[in-house]
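First the structure, in the form of structure tokens, and then the observations on it.
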Amino acid sequence: MRWLRAWAPALRMARREALRSRGRSALVIAMIGLPVAMMSFVAAAYDMHQLTPVEELTRQIGQYDAQVEWVADGPVTQPPLGDGYSTTGRMRESPPTAAELLAVLPAGSTVSQVAEGGVDVFTPNGIGGVSARGVDLADPRLSGFVELLSGVAPARADEVALNEGLADRLGVGVGGKIRTANPEYTYTVTAVVELPSSLYETVVFRPGVLPPPVDWLVDTPSPVLWTDVQQLNQHGLVVRSRAVALDPPAVPVDDYVNDYVDRHQVEEVALGAIMIVLIMLEVVLLAGPAFAVGARRRSRDLALVAAAGGTPAHLRRIVLADGVVLGLGAAIAAVALGVTVAVLTLPLFEQYLVHARAGGLRIFPAAQLGVVLLAVGAGLAAAMVPAFTAARQSVVTVLAGRRGVTRSRKRWITLGTVLAAGGAVIAVTGAGVGGTTAIMAGLVLGELGLVLLTPSLVGLIARAGRWLPLAPRIALRDTARNRGSAAPAISAVMAAVAGAVAIGAFLGSDEQQRFDSYEPRMPVGNVLVRQNAPDTAPAPDVVRVQEAVRQVMPGARAHVLQSPVCVDPAEGHGCSLRLDMPPAARCLVSSGHDVTTEQRDLAALEDARCAWERGIGSIQFAVVDDAAALEAISSAPAADLAQARQTLAAGGLVVADPRYISGGMVSVIVTEWQEPTAKQAQRDPADRPAVTVPATALPAGTQTAAFAVATPALIQRLGLGVRRDMVIATVGHVASAEETERLNGAVHAVAANLGVEVEQGAQYREDPIVWILGVVAALVALGAAGIATGLAAADGRADLATLGAVGASPRVRRLLSLSQSGVISGLGAVLGVLAGLGTTAVLIAALNAGGDHIRFGEAPMRLFLPWESIAIVLAVPLVAMAGAGLLTRSRLPIERRL
């Protein structure tokens with residue numbers, strides 16, 4: 001109570017001051033509230049989409065007691081939630097029937113089949129793929145799994161339901177018709193439904209229409225307990241039980257899994273804490289100068305309090321009370337704004353980002369309380385430095401209207417140097433071992449060090465003012481003299497710019513790595529149409545396919561390709577070709593026993609023989625009648641294609657990987673196999689003796705649709721036949737989505753089992769977040785520059801009056817304000833760009849040191865400069881200077897001093 005009585009007068013004064021200085025109060029509330037509102041919004045949005053166990057179960061199994069999947073013919077072991085399994089028995093090959101399931105389930109159980117897959121449907125443009133489900137919409141126990149919005153549940157096999165997205169795309173509603181391809185069939189739409197777990201375009205069929213695999217939902221007389229789950233595991237069933245999921249048993253978990261989970265959770269908490277620290281640091285740096293402005297304007301009032309007997313503790317409490325009041329106001333406004341935006345944007349998040357319905361309207365009260373405390377804490381922290389500065393001010397100096405000289409204390413310089421150097425060492429060390437938490441911690445320490453060093457840096461730069469004109473020289477001098485307000489503003493600009501540049505550079509580098517690592521499966525823009533059918537099926541009319549391609553894509557040059565098959569194709573009998581790697585070109589590491597993928601990938605760094613096979617396109621072996629088709633198969637230069645044609649004419653082979661060639665020859669092996677039947681068990685594939693033929697390799701970097709190209713004569717020499725089942729076309733441009741759908745429809749008219757592939761090449765997708773972050777950083781920088789410029793103008797009124805007295809022109813004030821704004825925003829922007837790029841360079845070094853790009857066969861990540869963000873933030877000083885010059889009055893003030 002005594003503590004509250006001591007703070008009560010200060011809080012009343014702070015409230016009156018906030019109401020009296022509404023502009024400054026609104027600015028401080030905005031500076032604190034906007035970042036905090038973002039945290040409030042994230043907390044509310046997360047809570048809305050974080051499903052409770054009951055909600056998650058309802059979306060997975062409706063009102064049923066369990067979901068079962070028969071995976072093996074022997075016992076299986078599963079965790080309580082059924083999200084994995086292991087077995088030593090043989091995997092089940094045929095899907096179970098309802099009767100088989102009911103035979104092992106408790107007496108009185110009922111089952112319902114659910115299936116998930118995809119299907120091709122006719123669209124207004126042609127044919128397109130959509131998601132498909134197979135469920136019984138008339139089953140009331142599926143409530144929560146699927147919801148009927150309008151119409152009636154399909155009752156016959158030729159009736160379907162659509163969700164709203166697909167109904168809008170196809171332009172049909174209840175009573176309309178849709179057609180599917182492969183097989184082609186017409187269905188009547190009887191209902192519009194919604195699956196809360198997926199808002200993607202979906203068609204819902206009756207159970208049994210979609211092919212396996214399928215899952216089964218089980219309704220039992222009593223809850224399926226953990227002991228029941230274990231009993232069903234003995235039959236090879238994996239079970240996800242409602243009762244077990246809501247009350248999981250305490251079962252022993254592997255120590256490795258526990259250690260991994262613990263490390264993962266600790267790392268998540270550490271990264272979350274680091275991000276909060278960064279956000280709060282930015283808030284403090286932004287709001288600090290505003291509190292310094294208020295303390296400076298109230299310096300005379302505070303001096304009068306001290307002259308009347310107020311202690312330094314009283315003065316500190318008065319200024320800190322400003323932080324409490326404005327922080328609390330910012331917290332209330334931020335929570336209201338964050339929750340409101342989360343509620344209003346919920347439908348957009350559901351439809352376009354999460355693609356699933358939220359669990360409900362929730363606000364995460366515990367997190368919102370934490371947001372309030374953070375806002376108040378940020379207000380206190382932002383007012384801390386102005387409070388201690390006000391408590392140390394000289395009463396006589398303030399009442400006389402004079403100011404002291406500010407110098408950077410050596411202990412802050414030393415501490416800043418230690419933090420900056422230590423943070424850099426920690427970040428680089430973390431990059432070497434791939435430790436994300438260590439990297440982030442090092443970057444935070446380094447940023448704190450730079451913040452502490454900024455006042456000294458400002459003083460150092462101010463020494464260059466002696467060679468500048470009058471206005472910039474005064475601006476540099478005032479910035480150095482008012483370091484308590486200018487340094488936080490510069491640091492705020494630096495932190496905002498560094499964050500925007502770092503994230504933009506990392507996202508750009510990641511996208512550039514994906515772009516560099518993309519391997520086209522055929523020349524970019526080319527189209528491949530091939531039959532997806534067994535060798536015993538009738539071959540398509542490839543001439544009509546060529547005509548369909550030319551009709552949809554005028555100017556396309558289409559060629560017929562053939563596939564090697566058995567001479568006498570029979571059901572279940574297959575033949576294939578493969579190349580034999582010469583012994584001298586084989587990877588020694590992969591030839592050993594118990595070699596992991598990681599070991600082989602690391603060996604590829606030192607031994608080129610261990611590199612991934614390159615040039616594996618859409619086709620393994622392509623057979624051509626006309627060597628002119630090579631232009632559509634490969635993007636090799638004309639000279640290399642001429643050499644390849646000569647090799648084909650000589651009865652040779654054209655391959656994509658030169659490691660298979662030794663002495664200008666390559667070994668080809670024919671493999672035969674027989675699929676198992678009810679009367680005959682599976683036999684091991686049989687290899688025929690290798691046949692050596694001349695070969696030519698395509699040059700490195702070639703985009704090729706086939707790994708190897710041969711002629712029909714060579715295939716016959718190998719004892720195989722050919723099948724005309726493919727068409728490849730050189731189009732000259734990348735087909736659009738509408739053209740692809742039209743082509744799908746055109747080739748489907750020729751044969752229902754034809755598929756279309758379009759090589760679109762590497763697509764660089766610029767993330768809009770880069771522009772958003774750049775604009776946010778620019779706004780933050782402008783706000784910080786405006787605050788610091790306003791403080792400098794308030795502090796420099798006496799200097800302006802002196803300038804007016806000695807004959808300075810009125811435009812000097814504009815030039816001075818313009819220069820002050822340019823110094824703060826320009827210095828912060830340059831430091832931010834350097835810090836942001838340095839941060840990204842460390843993160844990229846960490847990722848490359850981890851070797852993930854080697855394991856996934858990707859190019860190493862390289863630093864990509866986000867010119868959009870850099871251009872935006874480097875334009876900030878110009879905008880800030882222009883704004884300061886336009887908004888500052890030219891009239892020089894006249895002041896009377898004691």
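Chain lettering (A, B, ...) mirrors the order of the structure tokens, residue numbering begins at 1 for each chain separately, and ligand numbering begins at 1 in order of display.
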Return as a Markdown table the residues of segment 719-747 of chain A lying at most 9 Å from segment 119-127 of chain A, together with the closest atom-to-atom pair for each and the distance in Å to one decimal, counting only C-alpha atoms, with rows in chain order and ascending residue number.
| residue | atom | partner | partner_atom | distance |
| --- | --- | --- | --- | --- |
| A:Glu738 | CA | A:Asn125 | CA | 5.9 |
| A:Glu739 | CA | A:Asn125 | CA | 7.8 |
| A:Thr740 | CA | A:Gly126 | CA | 7.9 |
| A:Glu741 | CA | A:Gly126 | CA | 4.4 |
| A:Arg742 | CA | A:Gly126 | CA | 4.2 |
| A:Leu743 | CA | A:Gly126 | CA | 7.0 |
| A:Asn744 | CA | A:Ile127 | CA | 5.4 |
| A:Gly745 | CA | A:Gly126 | CA | 4.5 |
| A:Ala746 | CA | A:Gly126 | CA | 7.6 |
_Can you tell me which residues surround Glu164 of chain A at a distance of at most 9 Å, considering only C-alpha atoms, apart from same-chain residues fewer than 3 positions away, and format the answer as an MDAnalysis selection string?_
chainID A and resid 167:169 173 192:194 199 201:202
*Do you know which residues are at most 12 Å from Leu641 of chain A counting only C-alpha atoms, after dropping those on the same chain fewer than 5 positions away, and could you put them as a ChimeraX atom specification?*
/A:627-636,646-648,654-655,696-699,702,704,709
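Residues surrounding Val418 of chain A within 12 Å are Arg411, Trp412, Ile413, Thr414, Leu415, Ala421, Gly422, Gly423, Ala424, Val425, Ile426, Gly442, Leu445, Gly446, Glu447, Leu448, Gly449, Leu450, Leu452 and Leu453 of chain A [only C-alpha atoms; sequence separation below 3 positions excluded].
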Got time to write the residues from that selection, N, CA and C atoms, as a short mmCIF file (atom, residue, chain, number, x, y, z; two decimals), in the first residue's frame?
data_model
loop_
_atom_site.label_atom_id
_atom_site.label_comp_id
_atom_site.auth_asym_id
_atom_site.auth_seq_id
_atom_site.Cartn_x
_atom_site.Cartn_y
_atom_site.Cartn_z
N ARG A 411 32.60 3.13 -20.12
CA ARG A 411 32.13 1.79 -19.77
C ARG A 411 31.07 1.29 -20.75
N TRP A 412 30.26 2.21 -21.28
CA TRP A 412 29.27 1.80 -22.28
C TRP A 412 29.95 1.44 -23.61
N ILE A 413 31.00 2.18 -23.95
CA ILE A 413 31.76 1.85 -25.15
C ILE A 413 32.39 0.47 -25.02
N THR A 414 32.97 0.22 -23.84
CA THR A 414 33.60 -1.09 -23.62
C THR A 414 32.57 -2.21 -23.65
N LEU A 415 31.44 -1.99 -22.96
CA LEU A 415 30.40 -3.03 -22.93
C LEU A 415 29.85 -3.27 -24.33
N ALA A 421 31.42 -7.90 -30.32
CA ALA A 421 32.41 -8.91 -30.68
C ALA A 421 31.99 -10.30 -30.21
N GLY A 422 31.49 -10.37 -28.95
CA GLY A 422 31.05 -11.67 -28.44
C GLY A 422 29.89 -12.24 -29.23
N GLY A 423 28.93 -11.37 -29.60
CA GLY A 423 27.81 -11.84 -30.41
C GLY A 423 28.26 -12.37 -31.75
N ALA A 424 29.22 -11.68 -32.38
CA ALA A 424 29.73 -12.15 -33.66
C ALA A 424 30.41 -13.51 -33.52
N VAL A 425 31.18 -13.68 -32.46
CA VAL A 425 31.86 -14.97 -32.24
C VAL A 425 30.84 -16.08 -32.01
N ILE A 426 29.81 -15.81 -31.20
CA ILE A 426 28.78 -16.83 -30.93
C ILE A 426 28.03 -17.18 -32.20
N GLY A 442 23.56 -15.01 -30.70
CA GLY A 442 24.70 -14.19 -31.07
C GLY A 442 24.29 -12.92 -31.80
N LEU A 445 22.85 -10.42 -29.24
CA LEU A 445 23.93 -9.78 -28.47
C LEU A 445 24.68 -8.78 -29.34
N GLY A 446 24.94 -9.16 -30.60
CA GLY A 446 25.62 -8.22 -31.48
C GLY A 446 24.81 -6.96 -31.72
N GLU A 447 23.48 -7.11 -31.86
CA GLU A 447 22.64 -5.93 -32.06
C GLU A 447 22.63 -5.04 -30.82
N LEU A 448 22.57 -5.65 -29.64
CA LEU A 448 22.65 -4.86 -28.40
C LEU A 448 23.98 -4.11 -28.32
N GLY A 449 25.05 -4.78 -28.73
CA GLY A 449 26.34 -4.10 -28.73
C GLY A 449 26.36 -2.91 -29.67
N LEU A 450 25.78 -3.06 -30.86
CA LEU A 450 25.72 -1.95 -31.81
C LEU A 450 24.88 -0.80 -31.25
N LEU A 452 24.58 0.00 -28.10
CA LEU A 452 25.39 0.70 -27.11
C LEU A 452 26.52 1.50 -27.75
N LEU A 453 27.00 1.05 -28.91
CA LEU A 453 28.08 1.75 -29.59
C LEU A 453 27.60 2.91 -30.45
#
_Close residues, segment 565-570 of chain A itself excluded, 8 Å, only C-alpha atoms, min 2 positions apart in chain, as a VMD selection string_ = chain A and resid 535 to 536 563 572 to 576 719 to 723
_I'd like to know which of A:Leu344, A:Asn753, A:Pro877, A:Ala495 is closest to Val833 of chain A, using only C-alpha atoms._
A:Ala495
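With only C-alpha atoms as the atoms that count, the minimum distance from Ala489 of chain A to the choices A:Ala181, A:Val104, A:Val76, A:Val283 is reached by A:Val283.
When the distance limit is 6 Å and only C-alpha atoms are what count, the residues near segment 65-69 of chain A, minus those fewer than 5 positions from it on the same chain, are Asp215, Trp216, Leu217, Val218, Asp219, Leu237, Val238, Val239, Arg240, Ser241 and Arg242 of chain A.
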Spatial neighbours of Asp625 of chain A, 9 Å, only C-alpha atoms, chain gap at least 5 places, as a tab-separated table (two decimals) with N, CA and C atoms, in the first residue's frame:
chain	number	residue	atom	x	y	z
A	560	VAL	N	6.69	-38.50	-82.64
A	560	VAL	CA	6.25	-39.74	-82.00
A	560	VAL	C	7.45	-40.42	-81.35
A	561	LEU	N	7.27	-40.86	-80.11
A	561	LEU	CA	8.28	-41.63	-79.40
A	561	LEU	C	7.72	-43.01	-79.11
A	562	GLN	N	8.64	-43.98	-78.94
A	562	GLN	CA	8.24	-45.34	-78.66
A	562	GLN	C	8.91	-45.82	-77.38
A	710	ALA	N	17.38	-44.47	-78.15
A	710	ALA	CA	17.80	-45.54	-79.06
A	710	ALA	C	16.92	-45.54	-80.29
A	711	THR	N	17.28	-46.39	-81.24
A	711	THR	CA	16.48	-46.58	-82.44
A	711	THR	C	15.77	-47.93	-82.38
A	712	PRO	N	14.70	-48.14	-83.16
A	712	PRO	CA	14.04	-49.45	-83.15
A	712	PRO	C	14.98	-50.60	-83.53
*If you run DSSP on the backbone, which residues of segment 203-248 of chain A are strand (DSSP E), as a PyMOL selection string?*
chain A and resi 203-205+214-219+237-241
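For the set A:Gly323, A:Gly338, A:Pro534, A:Gly288, the residue with the smallest atom-to-atom gap to Val42 of chain A is A:Gly338, counting only C-alpha atoms.
Residue nearest Gly165 of chain A, chosen from A:Val666, A:Val152, A:Ile29, A:Val130 and counting only C-alpha atoms: A:Val130.
A straight line drawn from atom CA of Phe621 of chain A to atom CA of Leu579 of chain A is 10.3 Å long.
Distance-wise, atom CA of Pro866 of chain A and atom CA of Gly828 of chain A end up 17.7 Å apart.
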